[in-house]
Amino acid sequence: MKVILKGRAVSKGVGQGYAIVSPQPISFLGGVDRETGIINEEIPGLKGKSIAKKVLVFPTGKGSTGGSMILFGLAEKKKGPVAILNVETDTITAVGAILGGIPLVDRFDKNPIEVIKTGDFVKVDAEKGVVEILRNKRNLKKTPELDDSYAQI
């Protein structure tokens, strides 16, 4: 059984990678190192982790409009996420994703923070607003509705 989420495409494109999930809003200005993509904010379990080449899942952005340029700069340096999934996208994150060519989807039929776990492999098609989640083997116990065919990552 596949886990599919459907939402609204904000920034077009496709991307895939391992998820990093924050239950809290993220500020790109000060909350993420502009050179490395390392999370600086005090978010339990995420401080010191990189968003580079990950599918970044978080409720919404926060902070100054300068965050758009930080996100764009991270994308230019290949230190940004390969895709972003939000519960409700703010304008700062939307502008940064659009400028940086980062696929972004929000307003899902199910809350992505409750469905996706850090370490899951996620395929994002922001052309269609469709996200496919392939459960990481260590996360299988948390979601018994998934079969073992998705444990092979």
# chains A, B, ... in the order shown; residues from 1 in each chain; ligands from 1

$ select_by_dssp --residues "segment 10-153 of chain A" --states "strand (DSSP E or B)" --output "compact mmCIF listing (two decimals) with N, CA and C atoms, in the first residue's frame"
# COMPACT_ATOMS: atom_id res chain seq x y z
N VAL A 10 2.58 25.13 -4.98
CA VAL A 10 2.93 26.53 -4.80
C VAL A 10 4.10 26.89 -5.71
N SER A 11 5.12 26.04 -5.74
CA SER A 11 6.29 26.22 -6.61
C SER A 11 6.45 24.92 -7.38
N VAL A 14 9.74 18.86 -9.51
CA VAL A 14 9.73 17.55 -8.87
C VAL A 14 11.03 17.40 -8.08
N GLY A 15 10.96 16.65 -7.02
CA GLY A 15 12.14 16.38 -6.20
C GLY A 15 11.88 15.16 -5.34
N GLN A 16 12.95 14.56 -4.92
CA GLN A 16 12.82 13.41 -4.03
C GLN A 16 14.04 13.33 -3.13
N GLY A 17 13.82 12.77 -1.95
CA GLY A 17 14.90 12.63 -1.00
C GLY A 17 14.35 12.19 0.34
N TYR A 18 15.26 12.12 1.31
CA TYR A 18 14.87 11.74 2.66
C TYR A 18 14.29 12.96 3.37
N ALA A 19 13.26 12.72 4.14
CA ALA A 19 12.55 13.81 4.82
C ALA A 19 13.25 14.22 6.10
N ILE A 20 13.15 15.51 6.37
CA ILE A 20 13.48 16.05 7.68
C ILE A 20 12.24 16.84 8.10
N VAL A 21 11.67 16.47 9.25
CA VAL A 21 10.37 16.98 9.65
C VAL A 21 10.49 17.81 10.93
N ILE A 26 9.76 27.34 10.85
CA ILE A 26 11.19 27.57 10.66
C ILE A 26 11.40 28.97 10.10
N VAL A 32 18.47 29.02 9.99
CA VAL A 32 19.21 28.09 9.15
C VAL A 32 20.48 28.79 8.69
N ILE A 38 22.53 24.16 7.70
CA ILE A 38 22.39 23.53 9.02
C ILE A 38 21.37 24.32 9.84
N ILE A 39 20.46 23.60 10.49
CA ILE A 39 19.45 24.24 11.33
C ILE A 39 20.10 24.76 12.61
N SER A 50 21.21 19.08 8.79
CA SER A 50 21.21 19.78 7.51
C SER A 50 19.90 19.59 6.76
N VAL A 55 13.92 16.58 1.76
CA VAL A 55 12.56 17.09 1.63
C VAL A 55 12.22 17.67 3.00
N LEU A 56 12.10 18.99 3.05
CA LEU A 56 11.88 19.70 4.30
C LEU A 56 10.39 19.85 4.55
N VAL A 57 9.93 19.30 5.68
CA VAL A 57 8.52 19.30 6.04
C VAL A 57 8.36 20.12 7.32
N PHE A 58 7.55 21.18 7.26
CA PHE A 58 7.32 22.00 8.45
C PHE A 58 5.99 22.73 8.28
N GLY A 61 6.57 28.97 7.52
CA GLY A 61 7.75 29.75 7.83
C GLY A 61 7.43 30.86 8.81
N ALA A 83 12.90 19.75 -1.93
CA ALA A 83 11.47 20.05 -1.98
C ALA A 83 11.05 20.50 -0.59
N ILE A 84 9.94 21.24 -0.54
CA ILE A 84 9.38 21.70 0.73
C ILE A 84 7.90 21.32 0.77
N LEU A 85 7.48 20.83 1.93
CA LEU A 85 6.07 20.52 2.18
C LEU A 85 5.64 21.29 3.42
N ASN A 86 4.60 22.08 3.29
CA ASN A 86 4.08 22.87 4.40
C ASN A 86 2.62 22.53 4.66
N LEU A 104 7.39 23.09 -4.06
CA LEU A 104 6.74 23.34 -2.78
C LEU A 104 5.25 23.04 -2.91
N VAL A 105 4.75 22.27 -1.96
CA VAL A 105 3.33 21.89 -1.93
C VAL A 105 2.80 22.15 -0.53
N ASP A 106 1.55 22.62 -0.44
CA ASP A 106 0.91 22.80 0.86
C ASP A 106 -0.57 22.44 0.78
N PHE A 121 11.58 8.24 2.85
CA PHE A 121 11.93 8.68 1.51
C PHE A 121 10.66 9.23 0.87
N VAL A 122 10.74 10.44 0.34
CA VAL A 122 9.56 11.14 -0.16
C VAL A 122 9.79 11.59 -1.60
N LYS A 123 8.79 11.32 -2.44
CA LYS A 123 8.80 11.79 -3.83
C LYS A 123 7.76 12.88 -3.95
N VAL A 124 8.19 14.04 -4.45
CA VAL A 124 7.31 15.20 -4.56
C VAL A 124 7.13 15.55 -6.04
N ASP A 125 5.87 15.60 -6.47
CA ASP A 125 5.55 16.08 -7.80
C ASP A 125 4.69 17.33 -7.63
N VAL A 130 1.19 16.18 -5.82
CA VAL A 130 1.12 14.82 -5.29
C VAL A 130 2.45 14.45 -4.62
N VAL A 131 2.34 13.84 -3.44
CA VAL A 131 3.50 13.42 -2.68
C VAL A 131 3.35 11.94 -2.35
N GLU A 132 4.41 11.17 -2.61
CA GLU A 132 4.41 9.73 -2.30
C GLU A 132 5.44 9.49 -1.21
N ILE A 133 5.00 8.78 -0.17
CA ILE A 133 5.87 8.51 0.97
C ILE A 133 6.21 7.04 1.00
N LEU A 134 7.51 6.77 1.04
CA LEU A 134 8.01 5.40 1.18
C LEU A 134 8.63 5.31 2.56

$ residues_around --residues "Phe108 of chain A" --least-positions-apart "4" --cutoff "7 Å" --atoms "only C-alpha atoms" --output "JSON, numbers by chain"
{"A": [5, 6, 7, 8, 87]}

$ closest_residue --among "A:Lys49, A:Lys79, A:Arg34, A:Lys54" --to "Gly66 of chain A" --atoms "only C-alpha atoms"
A:Arg34

$ closest_residue --among "A:Ile51, A:Pro59, A:Pro81, A:Ile70" --to "Glu114 of chain A" --atoms "only C-alpha atoms"
A:Pro59

$ residues_around --residues "segment 89-94 of chain A" --least-positions-apart "5" --cutoff "6 Å" --atoms "only C-alpha atoms" --output "list in words"
Thr60, Gly61, Thr65 and Ser68 of chain A

$ closest_residue --among "A:Gly48, A:Gly96, A:Gly37, A:Pro25" --to "Gly63 of chain A" --atoms "only C-alpha atoms"
A:Pro25
